[in-house]
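Just entry_14.csv here, CSV, C-alpha atoms and all ligand atoms:
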chain,number,residue,atom,x,y,z
P,1,MET,CA,-10.2,-236.0,-26.4
P,2,SER,CA,-8.9,-235.4,-30.0
P,3,LEU,CA,-7.3,-238.1,-32.0
P,4,THR,CA,-3.9,-236.3,-31.7
P,5,THR,CA,-4.1,-236.1,-27.9
P,6,LEU,CA,-5.2,-239.7,-27.7
P,7,SER,CA,-2.3,-240.9,-29.9
P,8,GLN,CA,0.1,-238.7,-27.9
P,9,THR,CA,-1.1,-240.2,-24.6
P,10,LEU,CA,-0.9,-243.8,-26.1
P,11,SER,CA,2.7,-243.3,-27.3
P,12,ASN,CA,3.7,-241.7,-24.0
P,13,THR,CA,2.2,-244.7,-22.1
P,14,LEU,CA,4.0,-247.2,-24.3
P,15,ALA,CA,7.2,-245.2,-24.1
P,16,THR,CA,7.1,-245.1,-20.2
P,17,SER,CA,6.2,-248.8,-19.9
P,18,PHE,CA,9.2,-249.8,-22.0
P,19,THR,CA,11.6,-247.5,-20.4
P,20,TYR,CA,12.1,-250.1,-17.7
P,21,LEU,CA,13.4,-252.6,-20.2
P,22,PRO,CA,17.2,-252.9,-20.4
P,23,SER,CA,18.5,-251.1,-23.5
P,24,ALA,CA,18.9,-253.2,-26.6
P,25,LEU,CA,21.3,-250.6,-28.0
P,26,PRO,CA,24.6,-252.5,-27.0
P,27,TYR,CA,23.4,-255.7,-28.7
P,28,ILE,CA,22.4,-253.8,-31.9
P,29,ALA,CA,25.7,-251.9,-32.0
P,30,ARG,CA,27.8,-255.1,-31.4
P,31,THR,CA,25.9,-257.2,-34.1
P,32,LEU,CA,26.0,-254.4,-36.7
P,33,SER,CA,29.7,-253.7,-36.2
P,34,GLN,CA,30.6,-257.4,-36.3
P,35,ALA,CA,28.5,-257.7,-39.6
P,36,SER,CA,30.2,-254.7,-41.1
P,37,ASN,CA,33.8,-255.7,-40.3
P,38,GLY,CA,33.2,-259.3,-41.4
P,39,THR,CA,33.7,-260.9,-37.9
P,40,LEU,CA,30.1,-262.3,-38.4
P,41,THR,CA,28.4,-263.2,-41.6
P,42,ALA,CA,25.9,-260.5,-42.2
P,43,SER,CA,22.4,-261.8,-42.1
P,44,GLU,CA,19.6,-260.5,-44.2
P,45,SER,CA,18.4,-258.2,-41.4
P,46,ALA,CA,21.9,-256.9,-40.6
P,47,ARG,CA,22.5,-256.1,-44.2
P,48,HIS,CA,19.3,-254.1,-44.5
P,49,TYR,CA,19.8,-252.2,-41.2
P,50,LEU,CA,23.4,-251.3,-42.4
P,51,GLU,CA,22.1,-250.1,-45.8
P,52,SER,CA,19.3,-248.0,-44.3
P,53,ASN,CA,21.6,-246.0,-42.0
P,54,ILE,CA,19.1,-245.8,-39.1
P,55,ASP,CA,20.1,-243.8,-36.1
P,56,PHE,CA,19.1,-246.3,-33.4
P,57,THR,CA,19.7,-243.8,-30.6
P,58,THR,CA,16.7,-241.7,-31.7
P,59,LEU,CA,14.3,-244.7,-31.5
P,60,SER,CA,12.0,-245.6,-28.6
P,61,VAL,CA,13.1,-248.5,-26.4
P,62,PHE,CA,10.4,-250.7,-28.0
P,63,GLU,CA,11.5,-249.9,-31.5
P,64,GLN,CA,15.1,-250.8,-30.5
P,65,TRP,CA,13.9,-254.1,-29.2
P,66,TRP,CA,12.0,-254.7,-32.4
P,67,ALA,CA,15.3,-254.2,-34.4
P,68,ALA,CA,17.2,-256.4,-32.0
P,69,TRP,CA,14.7,-259.3,-32.6
P,70,TYR,CA,15.2,-259.1,-36.3
P,71,LEU,CA,19.0,-259.0,-35.9
P,72,LEU,CA,18.8,-262.0,-33.5
P,73,ILE,CA,16.8,-264.1,-35.9
P,74,GLY,CA,18.5,-262.8,-39.1
P,75,SER,CA,15.8,-263.7,-41.6
P,76,HIS,CA,12.7,-261.4,-42.0
P,77,THR,CA,10.4,-264.3,-42.9
P,78,ILE,CA,11.3,-266.4,-39.9
P,79,ALA,CA,11.5,-263.4,-37.5
P,80,THR,CA,8.0,-262.1,-38.6
P,81,GLY,CA,6.4,-265.6,-38.8
P,82,LEU,CA,7.6,-266.6,-35.3
P,83,MET,CA,6.7,-263.4,-33.7
P,84,SER,CA,3.3,-263.3,-35.3
P,85,PHE,CA,2.4,-266.9,-34.3
P,86,ILE,CA,3.7,-266.4,-30.7
P,87,MET,CA,1.8,-263.1,-30.5
P,88,HIS,CA,-1.4,-264.8,-31.7
P,89,GLU,CA,-1.2,-267.6,-29.2
P,90,VAL,CA,-0.3,-265.4,-26.2
P,91,VAL,CA,-3.1,-262.9,-27.0
P,92,TYR,CA,-5.7,-265.7,-27.7
P,93,PHE,CA,-5.2,-267.8,-24.6
P,94,GLY,CA,-4.2,-264.7,-22.5
P,95,ARG,CA,-7.6,-263.1,-23.3
P,96,CYS,CA,-9.4,-266.4,-22.5
P,97,VAL,CA,-7.9,-266.7,-19.0
P,98,PRO,CA,-10.0,-263.9,-17.3
P,99,TRP,CA,-13.2,-265.5,-18.8
P,100,ILE,CA,-12.2,-268.9,-17.4
P,101,ILE,CA,-11.7,-267.4,-14.0
P,102,ILE,CA,-15.0,-265.4,-14.2
P,103,ASP,CA,-16.9,-268.6,-15.2
P,104,ALA,CA,-15.5,-270.3,-12.0
P,105,ILE,CA,-16.8,-267.5,-9.7
P,106,PRO,CA,-20.6,-267.7,-9.0
P,107,TYR,CA,-20.6,-263.9,-8.1
P,108,PHE,CA,-20.4,-263.0,-11.8
P,109,ARG,CA,-23.5,-265.2,-12.8
P,110,LYS,CA,-25.8,-262.1,-12.5
P,111,TRP,CA,-24.2,-260.8,-15.7
P,112,LYS,CA,-24.2,-264.1,-17.6
P,113,LEU,CA,-26.5,-263.9,-20.6
P,114,GLN,CA,-27.6,-267.5,-20.2
P,115,PRO,CA,-26.9,-268.1,-16.5
P,116,GLY,CA,-28.1,-271.7,-16.5
P,117,LYS,CA,-25.4,-272.8,-19.0
P,118,VAL,CA,-21.9,-272.4,-17.5
P,119,PRO,CA,-19.2,-274.4,-19.3
P,120,THR,CA,-17.7,-277.4,-17.4
P,121,PRO,CA,-13.9,-277.7,-17.3
P,122,GLN,CA,-14.3,-280.9,-19.5
P,123,GLU,CA,-16.1,-278.8,-22.2
P,124,GLN,CA,-13.4,-276.1,-22.0
P,125,TRP,CA,-10.6,-278.7,-22.4
P,126,GLU,CA,-12.4,-280.3,-25.4
P,127,CYS,CA,-12.8,-276.9,-27.0
P,128,THR,CA,-9.1,-276.0,-26.3
P,129,LYS,CA,-7.9,-279.2,-28.1
P,130,LEU,CA,-9.8,-278.4,-31.4
P,131,VAL,CA,-8.8,-274.7,-31.2
P,132,LEU,CA,-5.1,-275.7,-30.8
P,133,PHE,CA,-5.5,-278.2,-33.7
P,134,SER,CA,-6.7,-275.5,-36.1
P,135,HIS,CA,-4.1,-273.0,-34.8
P,136,PHE,CA,-1.3,-275.3,-35.9
P,137,THR,CA,-2.8,-276.7,-39.1
P,138,ILE,CA,-4.6,-273.7,-40.5
P,139,GLU,CA,-3.5,-270.5,-38.8
P,140,LEU,CA,0.2,-271.2,-38.5
P,141,PRO,CA,0.6,-271.7,-42.3
P,142,ALA,CA,-1.7,-268.8,-43.0
P,143,ILE,CA,0.3,-266.5,-40.7
P,144,TRP,CA,3.6,-267.8,-42.1
P,145,PHE,CA,2.6,-267.2,-45.8
P,146,PHE,CA,0.7,-264.0,-45.2
P,147,HIS,CA,3.9,-262.0,-44.5
P,148,PRO,CA,6.0,-262.8,-47.6
P,149,LEU,CA,2.9,-262.0,-49.7
P,150,ALA,CA,2.2,-258.8,-47.8
P,151,GLU,CA,5.9,-257.8,-47.9
P,152,PHE,CA,5.8,-258.4,-51.7
P,153,LEU,CA,2.9,-256.0,-51.9
P,154,GLY,CA,4.7,-253.3,-49.9
P,155,MET,CA,4.3,-254.1,-46.2
P,156,SER,CA,7.1,-253.1,-43.8
P,157,THR,CA,8.3,-255.6,-41.2
P,158,TRP,CA,11.8,-255.0,-39.9
P,159,GLN,CA,11.7,-251.3,-40.6
P,160,VAL,CA,11.9,-248.8,-37.7
P,161,PRO,CA,10.6,-246.4,-36.6
P,162,PHE,CA,7.0,-247.3,-36.7
P,163,PRO,CA,4.5,-245.2,-38.6
P,164,PRO,CA,2.6,-242.4,-36.7
P,165,TRP,CA,-0.2,-243.6,-34.4
P,166,LYS,CA,-2.8,-241.7,-36.3
P,167,THR,CA,-2.0,-243.6,-39.6
P,168,MET,CA,-2.1,-246.9,-37.8
P,169,ALA,CA,-5.4,-246.1,-36.1
P,170,LEU,CA,-7.1,-245.2,-39.4
P,171,GLN,CA,-5.7,-248.4,-41.0
P,172,VAL,CA,-7.1,-250.5,-38.1
P,173,LEU,CA,-10.5,-248.8,-38.5
P,174,PHE,CA,-10.6,-249.8,-42.2
P,175,PHE,CA,-9.7,-253.4,-41.3
P,176,PHE,CA,-12.5,-253.5,-38.8
P,177,ILE,CA,-15.1,-252.3,-41.3
P,178,PHE,CA,-13.8,-254.6,-44.1
P,179,GLU,CA,-13.7,-257.7,-41.8
P,180,ASP,CA,-17.2,-257.0,-40.4
P,181,ALA,CA,-18.7,-256.8,-43.9
P,182,PHE,CA,-16.8,-259.9,-45.2
P,183,HIS,CA,-17.8,-261.9,-42.1
P,184,TYR,CA,-21.4,-260.8,-42.4
P,185,TRP,CA,-21.9,-262.3,-45.9
P,186,ALA,CA,-19.6,-265.3,-45.4
P,187,HIS,CA,-21.4,-266.2,-42.2
P,188,ARG,CA,-24.8,-265.9,-43.8
P,189,ALA,CA,-23.6,-268.2,-46.6
P,190,LEU,CA,-22.3,-270.7,-43.9
P,191,HIS,CA,-25.9,-270.9,-42.6
P,192,TYR,CA,-27.0,-272.2,-46.0
P,193,GLY,CA,-28.1,-275.9,-45.5
P,194,PRO,CA,-25.3,-278.0,-47.0
P,195,LEU,CA,-22.6,-275.5,-45.9
P,196,TYR,CA,-24.0,-275.4,-42.4
P,197,LYS,CA,-24.2,-279.2,-42.1
P,198,LYS,CA,-20.7,-279.8,-43.4
P,199,ILE,CA,-18.8,-276.8,-42.0
P,200,HIS,CA,-20.5,-274.3,-39.6
P,201,LYS,CA,-22.4,-276.8,-37.4
P,202,ILE,CA,-19.2,-277.3,-35.3
P,203,HIS,CA,-19.0,-273.7,-34.3
P,204,HIS,CA,-22.7,-273.9,-33.2
P,205,LYS,CA,-22.0,-276.8,-30.8
P,206,TYR,CA,-22.3,-274.4,-27.9
P,207,SER,CA,-25.7,-272.7,-27.7
P,208,ALA,CA,-24.2,-270.7,-24.8
P,209,PRO,CA,-20.7,-269.8,-25.9
P,210,PHE,CA,-17.6,-269.0,-23.8
P,211,GLY,CA,-14.4,-267.2,-24.5
P,212,LEU,CA,-12.4,-270.2,-25.7
P,213,ALA,CA,-15.1,-271.1,-28.2
P,214,ALA,CA,-14.4,-268.0,-30.3
P,215,GLU,CA,-12.2,-270.0,-32.7
P,216,TYR,CA,-13.9,-273.4,-32.1
P,217,ALA,CA,-14.8,-274.2,-35.7
P,218,HIS,CA,-14.2,-276.5,-38.7
P,219,PRO,CA,-10.7,-275.8,-40.1
P,220,LEU,CA,-12.3,-274.8,-43.4
P,221,GLU,CA,-14.4,-272.2,-41.5
P,222,VAL,CA,-11.2,-270.9,-39.8
P,223,PHE,CA,-9.7,-270.5,-43.2
P,224,ILE,CA,-12.8,-268.9,-44.9
P,225,LEU,CA,-13.4,-266.4,-42.1
P,226,GLY,CA,-9.7,-265.8,-41.6
P,227,THR,CA,-9.7,-264.4,-45.2
P,228,GLY,CA,-11.7,-261.5,-43.9
P,229,THR,CA,-9.2,-260.8,-41.2
P,230,LEU,CA,-6.1,-260.9,-43.5
P,231,GLY,CA,-8.0,-259.6,-46.7
P,232,GLY,CA,-8.3,-256.0,-45.5
P,233,PRO,CA,-4.5,-255.6,-44.8
P,234,ILE,CA,-3.7,-257.4,-48.2
P,235,LEU,CA,-6.0,-255.1,-50.1
P,236,TYR,CA,-4.6,-252.1,-48.3
P,237,CYS,CA,-1.0,-253.1,-49.1
P,238,ALA,CA,-1.9,-253.7,-52.8
P,239,PHE,CA,-3.4,-250.2,-53.2
P,240,PHE,CA,-1.3,-248.0,-50.9
P,241,HIS,CA,1.9,-250.0,-50.5
P,242,ASP,CA,2.2,-248.7,-47.0
P,243,LEU,CA,1.5,-250.8,-44.0
P,244,HIS,CA,3.7,-251.8,-41.1
P,245,VAL,CA,3.3,-255.3,-39.6
P,246,PHE,CA,3.1,-253.5,-36.2
P,247,ALA,CA,-0.3,-252.0,-37.3
P,248,MET,CA,-1.3,-255.6,-38.2
P,249,TYR,CA,-0.4,-256.7,-34.6
P,250,ILE,CA,-2.6,-254.0,-33.2
P,251,TRP,CA,-5.4,-255.1,-35.6
P,252,ILE,CA,-5.0,-258.8,-34.8
P,253,THR,CA,-4.9,-258.1,-31.0
P,254,LEU,CA,-8.1,-256.0,-31.1
P,255,ARG,CA,-9.8,-258.5,-33.4
P,256,LEU,CA,-9.0,-261.4,-31.1
P,257,PHE,CA,-10.3,-259.4,-28.1
P,258,GLN,CA,-13.5,-258.7,-30.1
P,259,ALA,CA,-14.1,-262.3,-31.0
P,260,ILE,CA,-13.3,-263.8,-27.5
P,261,ASP,CA,-15.3,-261.1,-25.7
P,262,ALA,CA,-18.3,-261.6,-28.1
P,263,HIS,CA,-18.3,-265.3,-27.2
P,264,SER,CA,-17.7,-264.7,-23.4
P,265,GLY,CA,-21.4,-265.0,-22.6
P,266,TYR,CA,-21.3,-262.0,-20.2
P,267,ASP,CA,-22.9,-258.6,-20.6
P,268,PHE,CA,-21.6,-256.2,-18.0
P,269,PRO,CA,-23.1,-252.7,-17.6
P,270,TRP,CA,-19.6,-251.4,-18.6
P,271,SER,CA,-19.3,-253.6,-21.7
P,272,LEU,CA,-18.4,-251.6,-24.8
P,273,GLN,CA,-21.8,-252.0,-26.5
P,274,HIS,CA,-23.4,-249.8,-23.7
P,275,ILE,CA,-20.9,-247.1,-24.5
P,276,PHE,CA,-20.6,-247.4,-28.2
P,277,TRP,CA,-24.1,-248.3,-29.6
P,278,LEU,CA,-22.8,-249.6,-32.9
P,279,TRP,CA,-20.6,-252.3,-31.2
P,280,SER,CA,-22.1,-255.8,-31.3
P,281,GLY,CA,-20.5,-257.3,-28.1
P,282,ALA,CA,-21.5,-260.5,-26.3
P,283,ASP,CA,-25.2,-259.7,-26.1
P,284,HIS,CA,-25.5,-259.6,-29.9
P,285,HIS,CA,-23.5,-262.8,-30.7
P,286,ASP,CA,-24.8,-264.8,-27.7
P,287,PHE,CA,-28.3,-264.5,-29.3
P,288,HIS,CA,-26.9,-265.9,-32.6
P,289,HIS,CA,-25.7,-269.0,-30.7
P,290,MET,CA,-28.9,-269.3,-28.6
P,291,ALA,CA,-31.4,-268.8,-31.4
P,292,PHE,CA,-29.3,-270.2,-34.3
P,293,MET,CA,-30.4,-267.2,-36.5
P,294,ASN,CA,-30.0,-263.4,-36.8
P,295,ASN,CA,-26.9,-261.4,-35.9
P,296,TYR,CA,-24.4,-262.6,-38.5
P,297,SER,CA,-21.8,-259.7,-38.2
P,298,THR,CA,-18.8,-259.6,-35.9
P,299,SER,CA,-17.9,-256.2,-34.7
P,300,PHE,CA,-20.8,-253.8,-35.5
P,301,ARG,CA,-24.6,-254.0,-35.5
P,302,TYR,CA,-25.4,-251.9,-38.6
P,303,LEU,CA,-25.3,-254.6,-41.3
P,304,ASP,CA,-27.8,-256.8,-39.5
P,305,TYR,CA,-30.0,-253.8,-38.9
P,306,ILE,CA,-29.8,-252.6,-42.6
P,307,PHE,CA,-30.5,-256.1,-44.0
P,308,GLY,CA,-33.1,-256.9,-41.4
P,309,THR,CA,-31.3,-259.9,-40.0
P,310,ASP,CA,-31.8,-258.7,-36.4
P,311,ASP,CA,-35.6,-258.7,-36.4
P,312,LYS,CA,-35.9,-261.7,-34.0
P,313,TYR,CA,-33.1,-260.4,-31.8
P,314,ARG,CA,-34.9,-257.0,-31.5
P,315,ALA,CA,-38.2,-258.7,-30.8
P,316,TYR,CA,-36.5,-260.8,-28.1
P,317,LYS,CA,-35.0,-257.7,-26.5
P,318,ASN,CA,-38.4,-255.9,-26.5
P,319,ARG,CA,-40.0,-259.0,-25.0
P,320,LEU,CA,-37.3,-259.1,-22.3
P,321,SER,CA,-37.8,-255.5,-21.3
P,322,ALA,CA,-41.6,-255.8,-21.3
P,323,GLU,CA,-41.2,-258.8,-19.1
P,324,GLU,CA,-38.8,-257.0,-16.8
P,325,GLU,CA,-41.2,-254.1,-16.5
P,326,ARG,CA,-44.0,-256.5,-15.6
P,327,VAL,CA,-41.9,-258.3,-13.0
P,328,ASN,CA,-40.7,-255.0,-11.6
P,329,ALA,CA,-44.3,-253.7,-11.3
P,330,THR,CA,-45.4,-257.0,-9.6
P,331,GLU,CA,-42.5,-256.8,-7.3
P,332,GLN,CA,-43.3,-253.2,-6.4
P,333,LYS,CA,-46.9,-254.1,-5.7
P,334,TRP,CA,-45.9,-257.0,-3.5
P,335,LYS,CA,-43.4,-254.8,-1.6
P,336,GLU,CA,-46.0,-252.2,-1.0
P,337,GLN,CA,-48.4,-254.9,0.4
P,338,VAL,CA,-45.7,-256.2,2.8
P,339,GLU,CA,-44.8,-252.7,3.9
P,340,ALA,CA,-48.5,-251.9,4.5
P,341,GLU,CA,-48.9,-255.1,6.6
P,342,ILE,CA,-45.8,-254.2,8.7
P,343,GLU,CA,-47.0,-250.7,9.2
P,344,LYS,CA,-50.4,-252.0,10.4
P,345,GLU,CA,-48.7,-254.3,12.9
P,346,GLY,CA,-46.7,-251.4,14.1
P,347,LEU,CA,-49.8,-249.2,14.7
P,348,ARG,CA,-51.4,-252.1,16.6
P,349,ALA,CA,-48.2,-252.4,18.8
P,350,GLU,CA,-48.2,-248.6,19.3
P,351,ARG,CA,-51.8,-248.6,20.4
P,352,GLU,CA,-51.1,-251.5,22.8
P,353,ALA,CA,-48.1,-249.8,24.3
P,354,GLU,CA,-50.0,-246.5,24.8
P,355,GLY,CA,-52.9,-248.4,26.4
P,356,LYS,CA,-50.7,-249.8,29.3
P,357,GLY,CA,-50.3,-248.2,32.8
P,358,TRP,CA,-47.2,-248.0,35.0
P,359,TRP,CA,-47.6,-251.6,36.4
P,360,GLY,CA,-48.4,-253.3,33.1
P,361,GLU,CA,-52.2,-253.2,33.7
P,362,LYS,CA,-54.6,-251.5,31.3
P,363,ASP,CA,-54.6,-247.7,31.8
P,364,LYS,CA,-57.6,-246.8,33.9
P,365,LYS,CA,-58.2,-243.6,32.0
P,366,ASP,CA,-59.0,-245.6,28.8
Z,401,ZN,ZN,-23.5,-269.0,-37.2
Z,402,ZN,ZN,-19.8,-267.7,-32.6
Would you give me this structure, written as structure tokens?
Amino acid sequence: MSLTTLSQTLSNTLATSFTYLPSALPYIARTLSQASNGTLTASESARHYLESNIDFTTLSVFEQWWAAWYLLIGSHTIATGLMSFIMHEVVYFGRCVPWIIIDAIPYFRKWKLQPGKVPTPQEQWECTKLVLFSHFTIELPAIWFFHPLAEFLGMSTWQVPFPPWKTMALQVLFFFIFEDAFHYWAHRALHYGPLYKKIHKIHHKYSAPFGLAAEYAHPLEVFILGTGTLGGPILYCAFFHDLHVFAMYIWITLRLFQAIDAHSGYDFPWSLQHIFWLWSGADHHDFHHMAFMNNYSTSFRYLDYIFGTDDKYRAYKNRLSAEEERVNATEQKWKEQVEAEIEKEGLRAEREAEGKGWWGEKDKKD
């Protein structure tokens, strides 16, 4: 599937899913006409929409709702800050819920990377408390101040329509590559003795991680590693002055999915790393937590491979497959033995049956 077809399919899917929403057009029309005739004090957003002469009827339903949200709140900073924080919380905890359910169902244990270590509800609750603490003390201010800075550097927030899907896809790809490299070096630095003891040790509390533990870390670590997540978009804005906050939302959503899934502790046959071999996935990061070394990157495997920080991980994987082969071979031999015994018993029974006459006595002919 080409990138154009993919983006077309995506936008069609989005368009159809939002068609069922009630139209935001009457609200937009009412607010803008009240702002222009002076019945209502024109807010920052209303002024900007009036000046930009947008034809709202040509927008998708989702874009109309986007404009309605900015008109409802009035201030770009508050509207963007609120929406970003709510989006972050909904995506983070929303993505954790399926993993909490999977942990509670023993059927899924066969895909757990460290099946002996399933998190208890108590552990999950302790983890949630610290995660919420850093969300409100570190991430909320970071999210709030990121937008005015990015807007100053040329990021669009209230503007509609959104940029083409192809543009946003390429931007998100750049953010993934940038964050992965930043995280790799910062994470390696965090494993340096004093930094580890003072900061990173908290994140290593769980040697068998679970979804919620993705952001279980010292607030300073959340801040340091968060720089890699926000740094790509800031640099992009500073150089190209063209980025829509909607592309940021796609990036943040995918980045949260990546981080939570990497900590999930499950490796399914359909997990992304089995389809896209450069992808790290849970299998890669779970080893980092189990072995306390190797595999420092987030999304991709290539940096650990290039800098040789996956040697122990690869040796472990080789050992596992050798062991699996040995076990399979032993199991096969054992199975063959049992089958041979059953066959022998069958032959004996067959001979016995053939040896009997009509009345149960031994056949005289024998
Ligand atoms: Zn680490
Ligand atoms: Zn981790």
Using all atoms listed in the file, determine which residues fall within 9 Å of ligand ZN 402 (chain Z), then list them as JSON, numbers by chain.
{"P": [203, 204, 206, 209, 213, 214, 215, 216, 217, 259, 262, 263, 285, 286, 288, 289, 298]}
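Proximity of P:Tyr236, P:Phe287, P:Trp144, P:Phe56 to ligand ZN 401 (chain Z), computed with all atoms listed in the file, is greatest for P:Phe287.
Interatomic distance, CA of Ala189 (chain P) against CA of Tyr296 (chain P): 9.9 Å.
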Rounded to one decimal place, report the CA of Asn295 (chain P)-CA of Pro119 (chain P) distance in Å.
22.4 Å
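Selection around (-0.8, -254.7, -37.5) with radius 10 Å, counting all atoms listed in the file, yields the residues Ser84, Thr157, Met168, Ala169, Gln171, Val172, Phe175, Pro233, Leu243, His244, Val245, Phe246, Ala247, Met248, Tyr249, Ile250, Trp251, Ile252, Thr253 and Leu254 of chain P.
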For region 268-282 of chain P, find every residue with an atom within 8 Å (counting only C-alpha atoms), except residues of its own chain fewer than 2 positions away, and show them as a compact mmCIF listing (two decimals) with C-alpha atoms, in the frame of the given file.
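Written out: result.txt:
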# COMPACT_ATOMS: atom_id res chain seq x y z
CA TRP P 111 -24.20 -260.80 -15.70
CA GLN P 258 -13.50 -258.70 -30.10
CA ASP P 261 -15.30 -261.10 -25.70
CA ALA P 262 -18.30 -261.60 -28.10
CA HIS P 263 -18.30 -265.30 -27.20
CA SER P 264 -17.70 -264.70 -23.40
CA GLY P 265 -21.40 -265.00 -22.60
CA TYR P 266 -21.30 -262.00 -20.20
CA HIS P 284 -25.50 -259.60 -29.90
CA HIS P 285 -23.50 -262.80 -30.70
CA ASP P 286 -24.80 -264.80 -27.70
CA SER P 297 -21.80 -259.70 -38.20
CA THR P 298 -18.80 -259.60 -35.90
CA SER P 299 -17.90 -256.20 -34.70
CA PHE P 300 -20.80 -253.80 -35.50
CA ARG P 301 -24.60 -254.00 -35.50
CA TYR P 302 -25.40 -251.90 -38.60
Which residue out of P:His147, P:His191, P:Lys166, P:Arg314 has the minimum interatomic distance to ligand ZN 401 (chain Z) when only C-alpha atoms and all ligand atoms are used?
P:His191
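You will find CA of Ile28 (chain P) at 5.8 Å from CA of Ala68 (chain P).
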Using only C-alpha atoms, which residues sit within 10 Å of His241 (chain P) once same-chain residues fewer than 5 positions away are excluded, as a short mmCIF file (atom, residue, chain, number, x, y, z; two decimals) with C-alpha atoms, keeping the file's coordinate frame?
data_model
loop_
_atom_site.label_atom_id
_atom_site.label_comp_id
_atom_site.auth_asym_id
_atom_site.auth_seq_id
_atom_site.Cartn_x
_atom_site.Cartn_y
_atom_site.Cartn_z
CA ALA P 150 2.20 -258.80 -47.80
CA GLU P 151 5.90 -257.80 -47.90
CA PHE P 152 5.80 -258.40 -51.70
CA LEU P 153 2.90 -256.00 -51.90
CA GLY P 154 4.70 -253.30 -49.90
CA MET P 155 4.30 -254.10 -46.20
CA SER P 156 7.10 -253.10 -43.80
CA ILE P 234 -3.70 -257.40 -48.20
CA LEU P 235 -6.00 -255.10 -50.10
CA TYR P 236 -4.60 -252.10 -48.30
#
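Of the listed residues P:Ser207, P:Thr80, P:Ser52, P:Ser134, the one whose atoms come nearest to ligand ZN 401 (chain Z) is P:Ser207, with distances taken using only C-alpha atoms and all ligand atoms.
Between Asp304 (chain P) and the candidates P:Val90, P:Ala46, P:Thr120, P:Trp185, the tightest atom-to-atom separation, counting all atoms listed in the file, involves P:Trp185.
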